[in-house]
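The data block below is data10.cif; it holds mmCIF, C-alpha atoms and all ligand atoms.
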```
data_my_file
loop_
_atom_site.label_atom_id
_atom_site.label_comp_id
_atom_site.auth_asym_id
_atom_site.auth_seq_id
_atom_site.Cartn_x
_atom_site.Cartn_y
_atom_site.Cartn_z
CA MET O 1 -7.24 -16.96 22.90
CA THR O 2 -9.66 -14.73 21.06
CA GLU O 3 -9.43 -11.22 22.42
CA LYS O 4 -12.65 -9.63 23.55
CA TYR O 5 -13.60 -6.01 23.13
CA ALA O 6 -16.69 -4.10 24.05
CA VAL O 7 -16.61 -2.47 20.61
CA VAL O 8 -14.69 -3.03 17.42
CA VAL O 9 -14.62 -0.02 15.13
CA ILE O 10 -14.04 -0.98 11.51
CA GLY O 11 -12.34 1.91 9.73
CA GLY O 12 -10.09 4.56 11.25
CA GLY O 13 -11.01 7.70 9.31
CA ALA O 14 -12.78 10.68 10.88
CA ALA O 15 -15.90 8.64 11.66
CA GLY O 16 -14.13 5.66 13.20
CA LEU O 17 -11.61 7.68 15.21
CA SER O 18 -14.30 9.94 16.56
CA ALA O 19 -16.36 6.94 17.67
CA ALA O 20 -13.23 5.46 19.26
CA LEU O 21 -12.50 8.65 21.20
CA VAL O 22 -15.97 8.68 22.73
CA LEU O 23 -15.81 4.96 23.55
CA GLY O 24 -12.40 5.29 25.16
CA ARG O 25 -13.51 8.23 27.25
CA ALA O 26 -16.53 6.17 28.34
CA ARG O 27 -14.10 3.55 29.69
CA HIS O 28 -14.86 0.89 27.11
CA ARG O 29 -12.27 -1.42 25.72
CA ALA O 30 -12.33 -0.68 22.01
CA LEU O 31 -10.30 -1.68 19.00
CA VAL O 32 -10.05 0.27 15.76
CA VAL O 33 -9.10 -1.76 12.70
CA ASP O 34 -8.02 0.49 9.87
CA ALA O 35 -6.91 -0.46 6.38
CA GLY O 36 -5.36 3.00 5.95
CA GLU O 37 -7.06 4.19 2.76
CA PRO O 38 -9.00 7.33 3.74
CA ARG O 39 -11.09 8.80 0.96
CA ASN O 40 -9.41 12.21 0.96
CA ALA O 41 -5.87 10.80 0.78
CA PRO O 42 -5.29 12.34 -2.68
CA ALA O 43 -5.89 15.85 -1.33
CA ALA O 44 -3.09 17.93 0.18
CA HIS O 45 -5.44 19.84 2.46
CA MET O 46 -8.70 19.34 4.27
CA GLN O 47 -11.00 22.33 4.15
CA GLY O 48 -14.15 23.46 5.88
CA TYR O 49 -13.66 21.76 9.24
CA LEU O 50 -13.88 24.53 11.78
CA THR O 51 -10.54 25.00 13.58
CA ARG O 52 -8.87 22.47 11.22
CA ASP O 53 -9.39 24.30 7.92
CA GLY O 54 -6.40 23.66 5.64
CA MET O 55 -4.90 20.88 7.74
CA PRO O 56 -3.32 18.03 5.75
CA PRO O 57 -5.63 14.98 6.02
CA ALA O 58 -2.77 12.78 7.27
CA GLU O 59 -2.03 15.25 10.08
CA PHE O 60 -5.68 15.20 11.12
CA LEU O 61 -5.64 11.40 11.35
CA THR O 62 -2.34 11.38 13.26
CA ALA O 63 -3.83 13.78 15.82
CA GLY O 64 -6.93 11.58 16.08
CA ARG O 65 -4.86 8.45 16.63
CA GLU O 66 -2.90 10.20 19.38
CA GLU O 67 -6.10 11.27 21.08
CA ILE O 68 -7.66 7.80 21.14
CA ALA O 69 -4.42 6.28 22.43
CA ARG O 70 -4.67 8.53 25.51
CA TYR O 71 -7.77 6.61 26.54
CA GLY O 72 -6.33 3.18 25.93
CA VAL O 73 -8.09 2.53 22.62
CA GLU O 74 -6.06 0.20 20.43
CA LEU O 75 -5.62 0.75 16.72
CA VAL O 76 -4.27 -1.83 14.29
CA ARG O 77 -3.42 -1.39 10.65
CA ASP O 78 -5.31 -4.30 9.13
CA ARG O 79 -8.45 -5.03 7.17
CA VAL O 80 -11.58 -6.70 8.47
CA VAL O 81 -12.45 -9.43 6.01
CA GLU O 82 -15.32 -11.13 7.79
CA VAL O 83 -17.81 -10.45 10.54
CA THR O 84 -20.25 -12.97 11.93
CA ARG O 85 -22.83 -12.76 14.66
CA ASP O 86 -22.14 -14.89 17.70
CA ASP O 87 -24.80 -16.66 19.65
CA ASP O 88 -23.19 -16.20 22.99
CA LEU O 89 -20.86 -13.54 24.22
CA SER O 90 -22.04 -13.62 27.79
CA GLY O 91 -19.61 -12.04 30.14
CA VAL O 92 -17.58 -10.30 27.47
CA ARG O 93 -16.72 -7.00 29.02
CA GLY O 94 -14.07 -4.48 28.36
CA GLU O 95 -11.28 -3.08 30.38
CA ASP O 96 -10.77 0.62 30.76
CA SER O 97 -7.49 2.38 30.26
CA THR O 98 -6.78 2.33 33.96
CA GLY O 99 -6.87 -1.46 33.89
CA VAL O 100 -10.22 -1.72 35.66
CA ARG O 101 -12.35 -4.36 33.99
CA ASP O 102 -15.94 -3.43 33.33
CA GLU O 103 -17.12 -6.26 35.59
CA ASP O 104 -15.18 -4.74 38.50
CA PHE O 105 -16.43 -1.30 37.61
CA THR O 106 -20.00 -2.56 37.68
CA ALA O 107 -19.37 -4.46 40.88
CA ALA O 108 -17.86 -1.36 42.43
CA ARG O 109 -21.15 0.39 41.81
CA GLY O 110 -22.81 -2.27 43.93
CA GLU O 111 -24.66 -3.87 41.04
CA ARG O 112 -24.57 -7.52 40.32
CA PHE O 113 -23.34 -7.99 36.82
CA THR O 114 -23.38 -11.36 35.22
CA ALA O 115 -23.88 -11.29 31.51
CA ALA O 116 -25.17 -9.13 28.79
CA ARG O 117 -27.82 -10.51 26.48
CA SER O 118 -26.23 -13.16 24.33
CA GLU O 119 -25.16 -10.98 21.45
CA GLY O 120 -21.92 -10.16 19.83
CA PHE O 121 -19.69 -10.58 16.84
CA THR O 122 -16.60 -12.38 15.70
CA VAL O 123 -14.38 -10.17 13.59
CA VAL O 124 -11.75 -11.68 11.30
CA LEU O 125 -8.76 -9.60 10.19
CA ALA O 126 -6.83 -10.16 6.98
CA GLY O 127 -3.63 -10.50 9.02
CA GLY O 128 -5.01 -13.63 10.65
CA ARG O 129 -6.20 -12.22 13.96
CA THR O 130 -9.74 -12.92 15.18
CA VAL O 131 -11.39 -10.81 17.86
CA ARG O 132 -14.81 -10.64 19.45
CA ALA O 133 -16.94 -7.62 20.16
CA ARG O 134 -20.27 -6.88 21.75
CA ARG O 135 -20.97 -3.99 19.41
CA LEU O 136 -19.62 -2.84 16.06
CA VAL O 137 -19.15 0.51 14.39
CA VAL O 138 -18.79 0.22 10.62
CA ALA O 139 -16.94 3.32 9.42
CA THR O 140 -15.44 1.92 6.25
CA GLY O 141 -16.11 4.93 4.02
CA LEU O 142 -16.54 4.72 0.28
CA LYS O 143 -14.47 4.45 -2.86
CA ASP O 144 -14.63 7.04 -5.64
CA GLU O 145 -14.83 5.38 -9.04
CA LEU O 146 -13.54 7.83 -11.61
CA PRO O 147 -14.61 8.08 -15.24
CA ALA O 148 -12.24 6.35 -17.65
CA VAL O 149 -10.77 9.49 -19.19
CA ALA O 150 -7.01 9.52 -19.68
CA GLY O 151 -5.24 11.55 -17.00
CA VAL O 152 -8.20 11.91 -14.65
CA ALA O 153 -7.13 9.34 -12.03
CA GLU O 154 -3.60 10.76 -11.79
CA ARG O 155 -4.84 14.30 -11.16
CA PHE O 156 -7.80 13.55 -8.87
CA GLY O 157 -7.69 15.68 -5.73
CA ARG O 158 -5.19 18.10 -7.32
CA ASP O 159 -6.78 19.89 -10.27
CA VAL O 160 -9.38 17.26 -11.13
CA LEU O 161 -11.91 17.81 -8.36
CA HIS O 162 -15.29 16.57 -7.27
CA CYS O 163 -16.35 18.92 -4.50
CA PRO O 164 -16.47 22.71 -4.70
CA PHE O 165 -16.96 22.96 -0.94
CA CYS O 166 -13.66 21.09 -0.46
CA HIS O 167 -11.61 22.93 -3.09
CA GLY O 168 -13.65 25.78 -4.61
CA TRP O 169 -12.08 28.61 -2.64
CA GLU O 170 -8.54 27.48 -3.50
CA VAL O 171 -9.26 27.49 -7.26
CA ARG O 172 -11.67 30.43 -7.37
CA ASP O 173 -11.86 32.52 -10.55
CA GLN O 174 -9.83 30.04 -12.57
CA PRO O 175 -11.08 28.60 -15.89
CA PHE O 176 -13.18 25.61 -14.85
CA GLY O 177 -14.32 22.64 -16.87
CA VAL O 178 -17.06 20.30 -15.72
CA LEU O 179 -17.15 16.80 -17.16
CA ALA O 180 -20.68 15.48 -17.58
CA THR O 181 -20.93 11.90 -16.45
CA THR O 182 -24.72 11.86 -16.19
CA ALA O 183 -27.51 14.34 -16.92
CA ALA O 184 -27.36 15.15 -13.17
CA SER O 185 -23.92 16.71 -13.75
CA VAL O 186 -25.75 19.92 -14.67
CA HIS O 187 -26.18 20.49 -10.97
CA GLN O 188 -22.41 20.39 -10.48
CA ALA O 189 -21.85 22.79 -13.40
CA LEU O 190 -24.30 25.21 -11.83
CA MET O 191 -22.86 24.87 -8.34
CA VAL O 192 -19.27 25.54 -9.35
CA SER O 193 -20.35 28.78 -11.02
CA GLN O 194 -20.46 30.10 -7.45
CA TRP O 195 -16.63 29.98 -7.48
CA SER O 196 -15.80 31.02 -11.06
CA LYS O 197 -17.62 32.83 -13.81
CA ASP O 198 -15.57 31.00 -16.46
CA VAL O 199 -17.15 27.55 -16.62
CA ARG O 200 -17.34 25.18 -19.60
CA PHE O 201 -19.63 22.18 -19.30
CA PHE O 202 -18.27 19.29 -21.38
CA LEU O 203 -21.20 17.10 -22.35
CA HIS O 204 -18.83 14.19 -23.06
CA THR O 205 -21.18 11.19 -23.41
CA VAL O 206 -24.39 13.09 -22.59
CA ALA O 207 -26.46 14.26 -25.56
CA GLU O 208 -27.55 17.90 -25.44
CA ASP O 209 -31.17 16.92 -26.07
CA GLU O 210 -31.07 14.85 -22.85
CA LEU O 211 -30.90 18.10 -20.88
CA PRO O 212 -34.26 19.56 -19.89
CA ASP O 213 -35.01 23.10 -21.06
CA GLU O 214 -34.99 24.25 -17.44
CA ASP O 215 -31.37 23.06 -17.07
CA LEU O 216 -30.32 24.77 -20.27
CA ARG O 217 -31.97 28.00 -19.12
CA ARG O 218 -30.17 27.84 -15.78
CA LEU O 219 -26.81 27.09 -17.43
CA ALA O 220 -27.31 30.09 -19.69
CA ALA O 221 -28.29 32.30 -16.75
CA ALA O 222 -25.15 31.20 -14.88
CA GLY O 223 -23.01 31.98 -17.93
CA VAL O 224 -21.91 28.34 -18.25
CA GLU O 225 -20.86 27.46 -21.78
CA VAL O 226 -22.13 24.06 -22.95
CA VAL O 227 -19.55 22.17 -25.05
CA PRO O 228 -20.80 19.11 -26.96
CA GLY O 229 -18.43 16.28 -27.89
CA GLU O 230 -16.59 13.51 -26.17
CA VAL O 231 -13.61 14.34 -23.97
CA ALA O 232 -10.57 12.30 -25.01
CA GLY O 233 -8.07 13.39 -22.36
CA LEU O 234 -6.40 16.09 -20.36
CA VAL O 235 -3.57 18.39 -21.34
CA VAL O 236 -0.96 18.52 -18.60
CA GLU O 237 2.13 20.73 -18.64
CA ASP O 238 4.71 21.04 -15.87
CA ASP O 239 2.54 18.80 -13.70
CA ARG O 240 -0.44 21.16 -14.02
CA LEU O 241 -3.70 20.78 -15.87
CA THR O 242 -3.78 23.27 -18.72
CA GLY O 243 -6.52 21.96 -20.95
CA VAL O 244 -9.25 19.53 -21.86
CA ARG O 245 -8.90 17.75 -25.20
CA LEU O 246 -11.93 16.59 -27.15
CA ALA O 247 -12.06 13.55 -29.42
CA ASP O 248 -12.25 15.87 -32.47
CA GLY O 249 -8.81 17.25 -31.53
CA THR O 250 -9.92 20.65 -30.24
CA THR O 251 -8.43 21.75 -26.95
CA HIS O 252 -10.06 23.99 -24.37
CA PRO O 253 -7.66 25.80 -22.03
CA ARG O 254 -8.82 24.91 -18.49
CA SER O 255 -6.86 24.72 -15.27
CA VAL O 256 -9.49 22.89 -13.19
CA LEU O 257 -11.83 20.06 -14.10
CA PHE O 258 -14.76 19.11 -11.88
CA LEU O 259 -16.47 15.77 -12.21
CA ALA O 260 -18.70 13.48 -10.18
CA PRO O 261 -17.10 10.12 -9.38
CA ARG O 262 -19.39 7.13 -8.92
CA ALA O 263 -19.57 6.53 -5.18
CA VAL O 264 -19.04 2.90 -4.22
CA PRO O 265 -19.80 2.58 -0.49
CA ARG O 266 -18.00 -0.26 1.29
CA THR O 267 -21.11 -2.08 2.40
CA GLY O 268 -19.88 -5.68 1.92
CA LEU O 269 -19.57 -6.48 5.63
CA LEU O 270 -22.94 -4.95 6.42
CA GLU O 271 -24.58 -6.88 3.60
CA ARG O 272 -23.16 -10.13 4.88
CA LEU O 273 -24.52 -9.33 8.35
CA GLY O 274 -27.94 -8.94 6.75
CA ALA O 275 -28.29 -5.17 7.09
CA GLU O 276 -31.07 -3.60 5.09
CA LEU O 277 -29.75 -1.31 2.37
CA HIS O 278 -31.44 1.42 0.38
CA GLU O 279 -30.64 2.78 -3.02
CA THR O 280 -29.86 6.47 -3.53
CA PRO O 281 -28.74 8.35 -6.65
CA PHE O 282 -25.25 8.21 -5.11
CA GLY O 283 -24.96 4.53 -4.22
CA VAL O 284 -26.49 1.90 -1.97
CA TYR O 285 -26.25 2.62 1.76
CA PRO O 286 -27.46 0.96 4.96
CA VAL O 287 -30.75 2.01 6.46
CA VAL O 288 -29.88 3.68 9.77
CA ASP O 289 -31.67 5.44 12.59
CA PRO O 290 -30.58 8.94 13.68
CA THR O 291 -27.78 7.46 15.81
CA GLY O 292 -26.43 5.38 12.91
CA LEU O 293 -27.89 2.10 14.19
CA THR O 294 -28.39 -0.27 11.26
CA THR O 295 -31.16 -2.84 11.06
CA VAL O 296 -28.73 -5.39 12.54
CA PRO O 297 -28.94 -5.15 16.35
CA GLY O 298 -25.60 -4.11 17.78
CA VAL O 299 -24.20 -2.71 14.53
CA TRP O 300 -23.83 1.02 13.98
CA ALA O 301 -22.47 2.78 10.89
CA ALA O 302 -21.10 6.29 10.40
CA GLY O 303 -19.43 8.61 7.92
CA ASN O 304 -19.30 7.91 4.20
CA ALA O 305 -20.40 4.36 4.97
CA ILE O 306 -23.90 5.80 5.44
CA GLY O 307 -23.93 8.56 2.85
CA PHE O 308 -22.08 10.09 -0.05
CA ALA O 309 -22.29 13.67 1.21
CA GLU O 310 -20.76 13.07 4.64
CA GLN O 311 -17.89 15.54 4.88
CA VAL O 312 -15.16 15.12 7.49
CA VAL O 313 -17.05 17.16 10.07
CA HIS O 314 -20.21 15.11 9.50
CA ALA O 315 -18.26 11.85 9.67
CA ALA O 316 -16.69 12.86 12.98
CA SER O 317 -20.09 13.87 14.30
CA GLY O 318 -21.66 10.59 13.12
CA GLY O 319 -18.95 8.60 14.87
CA TYR O 320 -19.61 10.51 18.08
CA ARG O 321 -23.35 9.93 17.82
CA ALA O 322 -22.95 6.19 17.19
CA ALA O 323 -20.50 5.76 20.06
CA SER O 324 -22.65 7.61 22.56
CA ALA O 325 -25.64 5.48 21.57
CA ILE O 326 -23.53 2.35 22.04
CA VAL O 327 -22.42 3.45 25.50
CA GLY O 328 -26.05 3.82 26.53
CA ASP O 329 -27.05 0.59 24.83
CA LEU O 330 -24.35 -1.47 26.55
CA LEU O 331 -25.13 0.02 29.91
CA MET O 332 -28.89 -0.57 29.65
CA THR O 333 -28.33 -4.11 28.37
CA ASP O 334 -26.16 -4.90 31.35
CA LEU O 335 -28.49 -3.24 33.84
CA ASP O 336 -31.44 -5.16 32.44
CA ALA O 337 -29.49 -8.40 32.66
CA ALA O 338 -28.47 -7.61 36.24
CA ALA O 339 -32.03 -6.73 37.19
CA GLN O 340 -33.31 -10.08 35.96
CA VAL O 341 -30.97 -12.15 38.07
C1 LIG S 401 -10.11 14.33 -3.07
C2 LIG S 401 -11.03 14.53 -1.90
C3 LIG S 401 -10.93 15.67 -1.15
C4 LIG S 401 -11.76 15.87 -0.06
N1 LIG S 401 -11.66 17.03 0.64
C5 LIG S 401 -12.44 17.23 1.70
C6 LIG S 401 -12.36 18.46 2.43
O1 LIG S 401 -11.57 19.35 2.10
N2 LIG S 401 -13.18 18.62 3.49
C7 LIG S 401 -14.08 17.66 3.87
O2 LIG S 401 -14.78 17.87 4.85
N3 LIG S 401 -14.19 16.52 3.18
C8 LIG S 401 -13.40 16.26 2.12
N4 LIG S 401 -13.51 15.09 1.42
C9 LIG S 401 -14.45 14.07 1.91
C10 LIG S 401 -13.77 13.21 2.99
O3 LIG S 401 -12.81 12.41 2.37
C11 LIG S 401 -14.80 12.35 3.72
O4 LIG S 401 -15.77 13.19 4.27
C12 LIG S 401 -14.17 11.56 4.87
O5 LIG S 401 -13.04 10.85 4.43
C13 LIG S 401 -15.20 10.60 5.46
O6 LIG S 401 -14.63 9.98 6.58
P1 LIG S 401 -14.93 8.44 6.90
O7 LIG S 401 -14.31 8.18 8.22
O8 LIG S 401 -16.36 8.14 6.72
O9 LIG S 401 -14.19 7.61 5.74
P2 LIG S 401 -12.64 7.53 5.36
O10 LIG S 401 -11.93 8.76 5.73
O11 LIG S 401 -12.61 7.12 3.93
O12 LIG S 401 -12.09 6.36 6.27
C14 LIG S 401 -12.52 5.04 6.10
C15 LIG S 401 -11.38 4.15 6.58
O13 LIG S 401 -11.88 2.80 6.69
C16 LIG S 401 -10.89 1.93 6.17
N5 LIG S 401 -11.53 0.66 5.79
C17 LIG S 401 -12.37 0.42 4.76
N6 LIG S 401 -12.75 -0.87 4.76
C18 LIG S 401 -12.11 -1.45 5.82
C19 LIG S 401 -12.10 -2.77 6.35
N7 LIG S 401 -12.81 -3.75 5.81
N8 LIG S 401 -11.33 -3.02 7.44
C20 LIG S 401 -10.61 -2.03 8.01
N9 LIG S 401 -10.60 -0.75 7.56
C21 LIG S 401 -11.34 -0.48 6.48
C22 LIG S 401 -10.31 2.70 4.99
O14 LIG S 401 -9.08 2.14 4.59
C23 LIG S 401 -10.22 4.10 5.58
O15 LIG S 401 -9.00 4.29 6.26
C24 LIG S 401 -12.72 14.88 0.30
C25 LIG S 401 -12.82 13.72 -0.47
C26 LIG S 401 -11.99 13.54 -1.56
C27 LIG S 401 -12.15 12.31 -2.40
#
```
Entire entry expressed as structure tokens:
Amino acid sequence: MTEKYAVVVIGGGAAGLSAALVLGRARHRALVVDAGEPRNAPAAHMQGYLTRDGMPPAEFLTAGREEIARYGVELVRDRVVEVTRDDDLSGVRGEDSTGVRDEDFTAARGERFTAARSEGFTVVLAGGRTVRARRLVVATGLKDELPAVAGVAERFGRDVLHCPFCHGWEVRDQPFGVLATTAASVHQALMVSQWSKDVRFFLHTVAEDELPDEDLRRLAAAGVEVVPGEVAGLVVEDDRLTGVRLADGTTHPRSVLFLAPRAVPRTGLLERLGAELHETPFGVYPVVDPTGLTTVPGVWAAGNAIGFAEQVVHAASGGYRAASAIVGDLLMTDLDAAAQV
């Protein structure tokens, strides 16, 4: 028997859990499928989320899982490997946490409920389970692809950092390096000067003459020292970054290195569903309306799945927005179907 849910949420980070909380509280039967690889897993602390500032990311997710469980939302540790659109999911309705099926709930309101529009999805999990859903929330996040510099991957989220808003306060006034990965890295070098006045901008593979005069003027005004030459690796002592080593053998004492990973959004499932995507300087993301609705009817997306700059608080908010839109959409669909009978 294929289990039927009102909504399957793919991804159980801040975006997915927040959507699940709203769906559960709206009495929908929802399932969260989470592969368990949240983007901020390398970081010891999560900063900048009002009332949760400094909380370990794992603790935040544990609290979120506990909250959704209170409303009967199921969560499984698995990976969605395929999603297809069904032709007919008539009569697929959820069951709220009190055991009242949506059909009964609708009937109790004195409305005749038969079937929603024939729309829905079959969701295949890597573990072998297949479930069906009337609506989907894709909250699969993104993957940070790091530059191939020795030592960078091991230290990412510790003293190799990408986001001054996430970590800047904690490392303020320390000697910063910024690794140029593209000419746009100038922006990062300028931004981090808000947190330290000792910043060296390692041009790495970017030629100095690629930088516009305006950038060079701003770097000079910010007191950022521009260092030409390829970076060969990091100097690490006692499990701490102490320097940046260039290919010519010179070493620059630095205790923090900022860089911009290449964002690789997990859009595979959306692509296969035929969602329209758009290219940004920070990856290819689905086209969404303000609620996160993609161009595929019935499929919403939230969090880093829709944008590189979605911080935890934005992701949680996006999940909320998507879920509340779904609650309205399901209700109106069912009322319209009932009205036509
Ligand atoms: C090192 C680092 C530090 C950070 N620090 C901060 C900070 O201090 N403050 C802040 O606000 N932001 C921080 N961020 C950003 C933060 O990680 C994101 O804002 C947040 O994770 C976005 O939440 P999300 O739910 O969209 O995605 P995620 O948290 O990445 O969750 C997505 C989930 O979906 C799962 N998934 C993916 N594909 C599938 C699939 N096919 N089937 C099932 N599950 C799937 C993943 O395994 C993952 O568990 C940091 C990021 C990094 C890299």
Check your understanding: What is the CA of Asp336 in chain O-CA of Glu3 in chain O distance in Å, reported with one decimal?
Key ->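 These two atoms are separated by 24.9 Å.
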To box ligand LIG 401 (chain S), take all atoms listed in the file, fit an axis-aligned box, add 6 Å on each side, and give centre and edge lengths in Å to one decimal, as JSON.
```
{"center_x": -12.7, "center_y": 7.8, "center_z": 2.6, "size_x": 19.4, "size_y": 35.1, "size_z": 23.3}
```
Point to revise | Environment of ligand LIG 401 (chain S) within 6 Å, counting only C-alpha atoms and all ligand atoms, reported as a PyMOL selection string | key: chain O and resi 10-16+33-40+42-43+46-49+78-81+139-142+157+166+303-305+310-313+315
Exercise for review: Rounded to one decimal place, report the CA of Ala222 in chain O-CA of Ser196 in chain O distance in Å.
Suggested key: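 Between CA of Ala222 in chain O and CA of Ser196 in chain O the gap is 10.1 Å.
Distance check against Val83 in chain O using all atoms listed in the file: of O:Glu276, O:Glu67, O:Glu230, O:Glu271, the minimum falls on O:Glu271.
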**Study point:** Residue with smallest distance to Pro253 in chain O - pool O:Thr62, O:Thr122, O:Gln174, O:Ser193, counting all atoms listed in the file
**Key:**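 The shortest atom-to-atom distance to Pro253 in chain O comes from O:Gln174.
Going from CA of His187 in chain O over to CA of Val199 in chain O, you cover 12.8 Å.
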Write out as a compact mmCIF listing (two decimals) with C-alpha atoms, in the frame of the given file each polymer residue whose atoms come within 8 Å of range 202-213 of chain O, counting all atoms listed in the file; drop sequence neighbours fewer than 3 positions from it.
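As written to disk, part_4.txt reads:
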```txt
# COMPACT_ATOMS: atom_id res chain seq x y z
CA GLY O 177 -14.32 22.64 -16.87
CA VAL O 178 -17.06 20.30 -15.72
CA LEU O 179 -17.15 16.80 -17.16
CA ALA O 180 -20.68 15.48 -17.58
CA THR O 181 -20.93 11.90 -16.45
CA THR O 182 -24.72 11.86 -16.19
CA ALA O 183 -27.51 14.34 -16.92
CA LEU O 216 -30.32 24.77 -20.27
CA ARG O 217 -31.97 28.00 -19.12
CA VAL O 226 -22.13 24.06 -22.95
CA VAL O 227 -19.55 22.17 -25.05
CA PRO O 228 -20.80 19.11 -26.96
CA GLY O 229 -18.43 16.28 -27.89
CA GLU O 230 -16.59 13.51 -26.17
CA VAL O 231 -13.61 14.34 -23.97
```
Practice item. Find, counting only C-alpha atoms, the residue in O:Leu161, O:Ala232, O:Leu31, O:Ala41 that gets nearest to Gly72 in chain O. Key: O:Leu31
**Study point:** Shell of 7 Å around Pro175 in chain O, all atoms listed in the file, local chain residues under 5 positions omitted, as number ranges by chain
**Key:** O: 198-199, 254-256
Exercise for review: Using only C-alpha atoms, find the one residue out of O:Ile306, O:Trp300, O:Val327, O:Thr2 that sits nearest to Arg129 in chain O.
Suggested key: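 Looking at the shortest contact to Arg129 in chain O, the residue is O:Thr2.
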Revision key, fill the gap. Using all atoms listed in the file, the shortest atom-to-atom distance to Phe121 in chain O among O:Ala323, O:Met55, O:Met191, O:Val296 belongs to O:Val296
